[in-house]
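Okay, structure-v9.txt now, which holds compact mmCIF, C-alpha atoms:
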```
# COMPACT_ATOMS: atom_id res chain seq x y z
CA MET G 492 -13.03 24.27 -15.37
CA ALA G 493 -12.65 24.34 -19.14
CA THR G 494 -9.05 25.57 -18.81
CA ALA G 495 -8.18 22.75 -16.43
CA ASP G 496 -9.40 20.18 -18.95
CA ALA G 497 -7.28 21.80 -21.65
CA VAL G 498 -4.20 21.69 -19.43
CA TYR G 499 -4.51 18.09 -18.31
CA SER G 500 -5.93 16.42 -21.40
CA PRO G 501 -2.76 16.19 -23.51
CA THR G 502 -0.62 14.66 -20.73
CA THR G 503 -2.98 12.33 -18.92
CA VAL G 504 -4.38 9.12 -20.25
CA SER G 505 -7.64 7.77 -19.00
CA GLU G 506 -7.36 4.33 -17.47
CA ASN G 507 -9.10 1.82 -19.69
CA LYS G 508 -10.65 -0.71 -17.37
CA SER G 509 -11.86 -3.57 -19.46
CA LYS G 510 -15.04 -5.31 -18.41
CA LYS G 511 -13.82 -8.59 -19.88
CA TRP G 512 -13.11 -11.25 -17.30
CA PHE G 513 -11.86 -13.95 -19.67
CA ILE G 514 -8.63 -12.72 -21.25
CA VAL G 515 -6.84 -14.91 -23.80
CA PRO G 516 -4.08 -14.69 -24.87
CA THR G 517 -2.17 -13.78 -21.72
CA ASP G 518 1.47 -14.05 -20.72
CA ASN G 519 0.78 -17.53 -19.37
CA LEU G 520 -1.76 -18.90 -21.84
CA ASP G 521 -2.01 -18.53 -25.61
CA LYS G 522 -5.13 -19.31 -27.64
CA PHE G 523 -4.05 -22.80 -28.71
CA ARG G 524 -3.12 -23.89 -25.19
CA CYS G 525 -6.41 -22.46 -23.91
CA LEU G 526 -8.25 -24.62 -26.42
CA ILE G 527 -6.19 -27.66 -25.41
CA LYS G 528 -6.94 -27.00 -21.72
CA VAL G 529 -10.67 -26.83 -22.51
CA VAL G 530 -10.34 -30.19 -24.31
CA GLN G 531 -8.49 -31.60 -21.27
CA VAL G 532 -11.30 -30.46 -18.97
CA LEU G 533 -13.96 -31.98 -21.22
CA LEU G 534 -12.19 -35.31 -21.75
CA SER G 535 -11.41 -35.65 -18.04
CA PHE G 536 -15.01 -34.84 -17.19
CA VAL G 537 -16.41 -37.40 -19.65
CA ALA G 538 -13.97 -40.05 -18.37
CA PHE G 539 -15.02 -39.27 -14.81
CA ILE G 540 -18.76 -39.40 -15.61
CA LEU G 541 -18.42 -42.67 -17.53
CA GLU G 542 -16.51 -44.19 -14.64
CA GLU G 543 -19.12 -42.96 -12.16
CA VAL G 544 -21.93 -44.65 -14.09
CA VAL G 545 -20.27 -48.08 -13.64
CA THR G 546 -22.50 -49.87 -11.12
CA THR G 547 -20.55 -53.04 -10.34
CA CYS G 548 -16.88 -53.86 -10.21
CA MET G 549 -15.07 -57.12 -9.73
CA SER G 550 -11.83 -55.46 -8.61
CA CYS G 551 -12.67 -51.96 -7.45
CA SER G 552 -9.18 -50.57 -6.73
CA PRO G 553 -8.37 -49.77 -10.41
CA LEU G 554 -11.81 -48.19 -10.77
CA TYR G 555 -11.28 -46.01 -7.70
CA PHE G 556 -7.79 -44.96 -8.80
CA PHE G 557 -9.12 -44.02 -12.24
CA GLU G 558 -11.95 -42.13 -10.53
CA PHE G 559 -9.49 -40.20 -8.38
CA VAL G 560 -7.21 -39.29 -11.31
CA SER G 561 -10.02 -38.29 -13.69
CA CYS G 562 -11.79 -36.20 -11.04
CA THR G 563 -8.54 -34.53 -9.97
CA ALA G 564 -7.62 -33.81 -13.59
CA PHE G 565 -11.06 -32.35 -14.27
CA LEU G 566 -11.19 -30.10 -11.20
CA PHE G 567 -7.58 -28.90 -11.17
CA THR G 568 -7.37 -28.35 -14.91
CA ALA G 569 -10.58 -26.32 -14.79
CA LEU G 570 -9.16 -24.31 -11.88
CA LEU G 571 -5.86 -23.78 -13.69
CA LEU G 572 -7.69 -22.72 -16.85
CA ILE G 573 -9.79 -20.21 -14.92
CA LEU G 574 -6.76 -18.81 -13.12
CA LEU G 575 -4.59 -18.49 -16.23
CA ALA G 576 -7.34 -17.11 -18.48
CA THR G 577 -8.37 -14.38 -16.04
CA ASN G 578 -6.61 -11.86 -13.83
CA LEU G 579 -7.17 -14.06 -10.78
CA HIS G 580 -3.69 -15.56 -11.12
CA LYS G 581 -2.24 -12.19 -10.08
CA ARG G 582 -4.08 -12.37 -6.74
CA VAL G 583 -2.96 -15.87 -5.76
CA GLY G 584 0.64 -14.94 -4.96
CA ILE G 585 2.38 -17.49 -7.18
CA ASN G 586 5.11 -16.11 -9.42
CA CYS G 587 6.12 -19.24 -11.32
CA TRP G 588 2.94 -19.99 -13.29
CA PRO G 589 4.69 -21.40 -16.36
CA THR G 590 6.68 -23.88 -14.28
CA LEU G 591 3.63 -24.84 -12.23
CA ASP G 592 1.56 -25.30 -15.40
CA PHE G 593 4.24 -27.45 -17.07
CA VAL G 594 4.81 -29.66 -14.01
CA TYR G 595 1.06 -30.08 -13.46
CA THR G 596 0.48 -31.00 -17.10
CA GLY G 597 3.27 -33.56 -17.06
CA LEU G 598 2.12 -35.11 -13.80
CA MET G 599 -1.48 -35.37 -14.96
CA ALA G 600 -0.37 -37.06 -18.19
CA ALA G 601 1.68 -39.57 -16.18
CA PHE G 602 -1.08 -40.25 -13.63
CA PHE G 603 -3.72 -40.57 -16.35
CA LEU G 604 -1.45 -42.99 -18.24
CA ILE G 605 -0.96 -45.18 -15.16
CA ALA G 606 -4.64 -45.06 -14.18
CA SER G 607 -5.84 -45.81 -17.71
CA ILE G 608 -3.46 -48.75 -18.15
CA VAL G 609 -4.35 -50.22 -14.77
CA PHE G 610 -8.09 -49.74 -15.33
CA ALA G 611 -7.88 -51.13 -18.88
CA SER G 612 -6.08 -54.25 -17.65
CA ASP G 613 -8.38 -54.96 -14.72
CA ASN G 614 -12.04 -54.18 -15.30
CA GLY G 615 -15.30 -56.04 -15.90
CA GLY G 616 -15.20 -55.50 -19.66
CA THR G 617 -18.42 -53.50 -19.84
CA ASP G 618 -18.95 -50.90 -22.53
CA LEU G 619 -18.95 -48.10 -19.95
CA GLU G 620 -15.58 -49.17 -18.58
CA LYS G 621 -14.11 -49.44 -22.07
CA ALA G 622 -15.46 -45.99 -22.96
CA ALA G 623 -14.05 -44.50 -19.73
CA VAL G 624 -10.63 -45.99 -20.55
CA ALA G 625 -10.85 -44.64 -24.11
CA PHE G 626 -11.57 -41.13 -22.85
CA GLY G 627 -8.73 -41.55 -20.35
CA PHE G 628 -6.32 -42.28 -23.19
CA LEU G 629 -7.69 -39.33 -25.18
CA ALA G 630 -7.10 -37.12 -22.15
CA ILE G 631 -3.50 -38.38 -22.01
CA VAL G 632 -3.02 -37.28 -25.62
CA ALA G 633 -4.43 -33.84 -24.79
CA PHE G 634 -2.08 -33.44 -21.80
CA LEU G 635 0.91 -34.56 -23.88
CA VAL G 636 0.02 -32.17 -26.73
CA ASP G 637 -0.23 -29.36 -24.16
CA ALA G 638 3.18 -30.18 -22.68
CA GLY G 639 4.73 -30.51 -26.14
CA TRP G 640 3.29 -27.21 -27.33
CA PHE G 641 4.50 -25.56 -24.13
CA VAL G 642 8.07 -26.75 -24.76
CA LYS G 643 7.89 -25.80 -28.44
CA THR G 644 6.66 -22.26 -27.84
CA ARG G 645 8.19 -21.35 -24.48
CA GLY G 646 11.07 -23.75 -24.05
CA PHE G 647 11.78 -26.13 -21.22
CA PRO G 648 11.01 -24.27 -17.96
CA PHE G 649 13.89 -25.81 -15.99
CA LYS G 650 16.64 -25.03 -18.49
CA ARG G 651 19.52 -23.29 -16.75
CA THR G 652 21.59 -20.71 -18.53
CA ASN G 653 25.32 -21.30 -18.47
CA GLN G 654 27.14 -17.99 -18.08
CA GLN G 655 30.55 -19.49 -18.85
CA ALA G 656 29.38 -20.58 -22.29
CA ALA G 657 28.60 -16.94 -23.10
CA SER G 658 32.24 -15.94 -22.53
CA ASN G 659 33.45 -17.88 -25.61
CA GLY G 660 35.03 -20.62 -23.52
CA GLU G 661 37.51 -18.35 -21.74
CA ALA G 662 38.01 -18.65 -18.01
CA PRO G 663 36.27 -15.90 -16.06
CA VAL G 664 38.58 -13.15 -14.86
CA ALA G 665 39.04 -13.05 -11.09
CA GLU G 666 38.22 -9.84 -9.30
CA ALA G 667 41.25 -7.75 -8.50
CA GLU G 668 39.76 -6.28 -5.38
CA LYS G 669 37.42 -7.85 -2.86
CA LEU G 670 34.30 -5.89 -1.98
CA ASN G 671 34.70 -6.37 1.75
CA ARG G 672 38.44 -5.59 1.81
CA GLU G 673 38.05 -2.22 3.54
CA GLN G 674 35.72 -3.63 6.18
CA ASN G 675 38.09 -6.56 6.92
CA GLU G 676 41.09 -4.23 7.31
CA ALA G 677 39.15 -2.05 9.74
CA ASP G 678 38.43 -5.05 11.94
```

Whole structure, structure tokens version:
Amino acid sequence: MATADAVYSPTTVSENKSKKWFIVPTDNLDKFRCLIKVVQVLLSFVAFILEEVVTTCMSCSPLYFFEFVSCTAFLFTALLLILLATNLHKRVGINCWPTLDFVYTGLMAAFFLIASIVFASDNGGTDLEKAAVAFGFLAIVAFLVDAGWFVKTRGFPFKRTNQQAASNGEAPVAEAEKLNREQNEAD
């Protein structure tokens, strides 16, 4: 058995299975964006809790919309953070994580902005409602910083490459021979 170990040891590498379940940085999440996502989760959670503590409302629709947005932001951002910071994202079957992350972040910023403005303009004026709105606006800033950092570090995810621009402005050369020419002549 000692000779077998000597034969196989120089060419084989033992598989290093890490016991860590939280892996940052990854291809989809760097350390700064991970920190920003944690801040988003916390601010959304605080906004949601402060809104939940409100006991009476004169016009409840803005309160309920703010509740929906803050709860959705809290739960989905936490889920996204867990998926992107672990290997679980490989098991979900989604290949476009950067695009999904960017679109989600932008949509949450927009929904939080609308919900915070509506709730700020139509509430009972209690300290809890004002605090919930303040944390809503802070969450907007966190989502916008995340989207801005994403664009700065990774670029805009929907940017299309123009192949004609790479050819120095010249018209592309047409193919001299069609690929299916032989098959068409046989028919």

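Straight-line separation from atom CA of Asn586 of chain G to atom CA of Gly639 of chain G: 22.1 Å.
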
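Taking only C-alpha atoms into account, Phe628 of chain G lies nearest to G:Leu534 out of the set G:Leu591, G:Leu534, G:Cys551, G:Leu541.
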
>> Counting all atoms listed in the file, which residues have an atom no more than 12 Å from (3.8, -30.0, -15.3) in the file's coordinates? Please list them as a ChimeraX atom specification.
In response: /G:568,571,587-602,634-635,637-639,641-642,647-649

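Ranking G:Val545, G:Ala569, G:Val624, G:Leu574 by their shortest atom-to-atom distance to Ile527 of chain G, with only C-alpha atoms included, puts G:Ala569 first.
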
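For the pair atom CA of Leu533 of chain G and atom CA of Thr517 of chain G, the separation is 21.7 Å.
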
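Reported to one decimal place, the separation of atom CA of Ser607 of chain G from atom CA of Asn519 of chain G is 29.1 Å.
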
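The residue that comes closest to Ser550 of chain G, out of G:Gly646, G:Asn614, G:Val636, G:Cys525 and on the basis of only C-alpha atoms, is G:Asn614.
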
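Nearest to Phe567 of chain G of all the residues G:Ile631, G:Ile514, G:Val532, G:Ile608 is G:Val532, counting only C-alpha atoms.
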
> With all atoms listed in the file as the atoms that count, which of G:Ser561, G:Arg582, G:Val632, G:Cys548 lies nearest to Thr617 of chain G?
Replying inline: G:Cys548

>> I'd like the contact shell of Ala576 of chain G - 10 Å cut-off, all atoms listed in the file, skipping same-chain residues fewer than 2 positions apart - returned as a count of residues only.
In response: 20

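Minimum atom-to-atom distances from G:Ala630, G:Leu575, G:Phe556, G:Trp640 to Glu543 of chain G were compared using all atoms listed in the file, and the lowest value belongs to G:Phe556.
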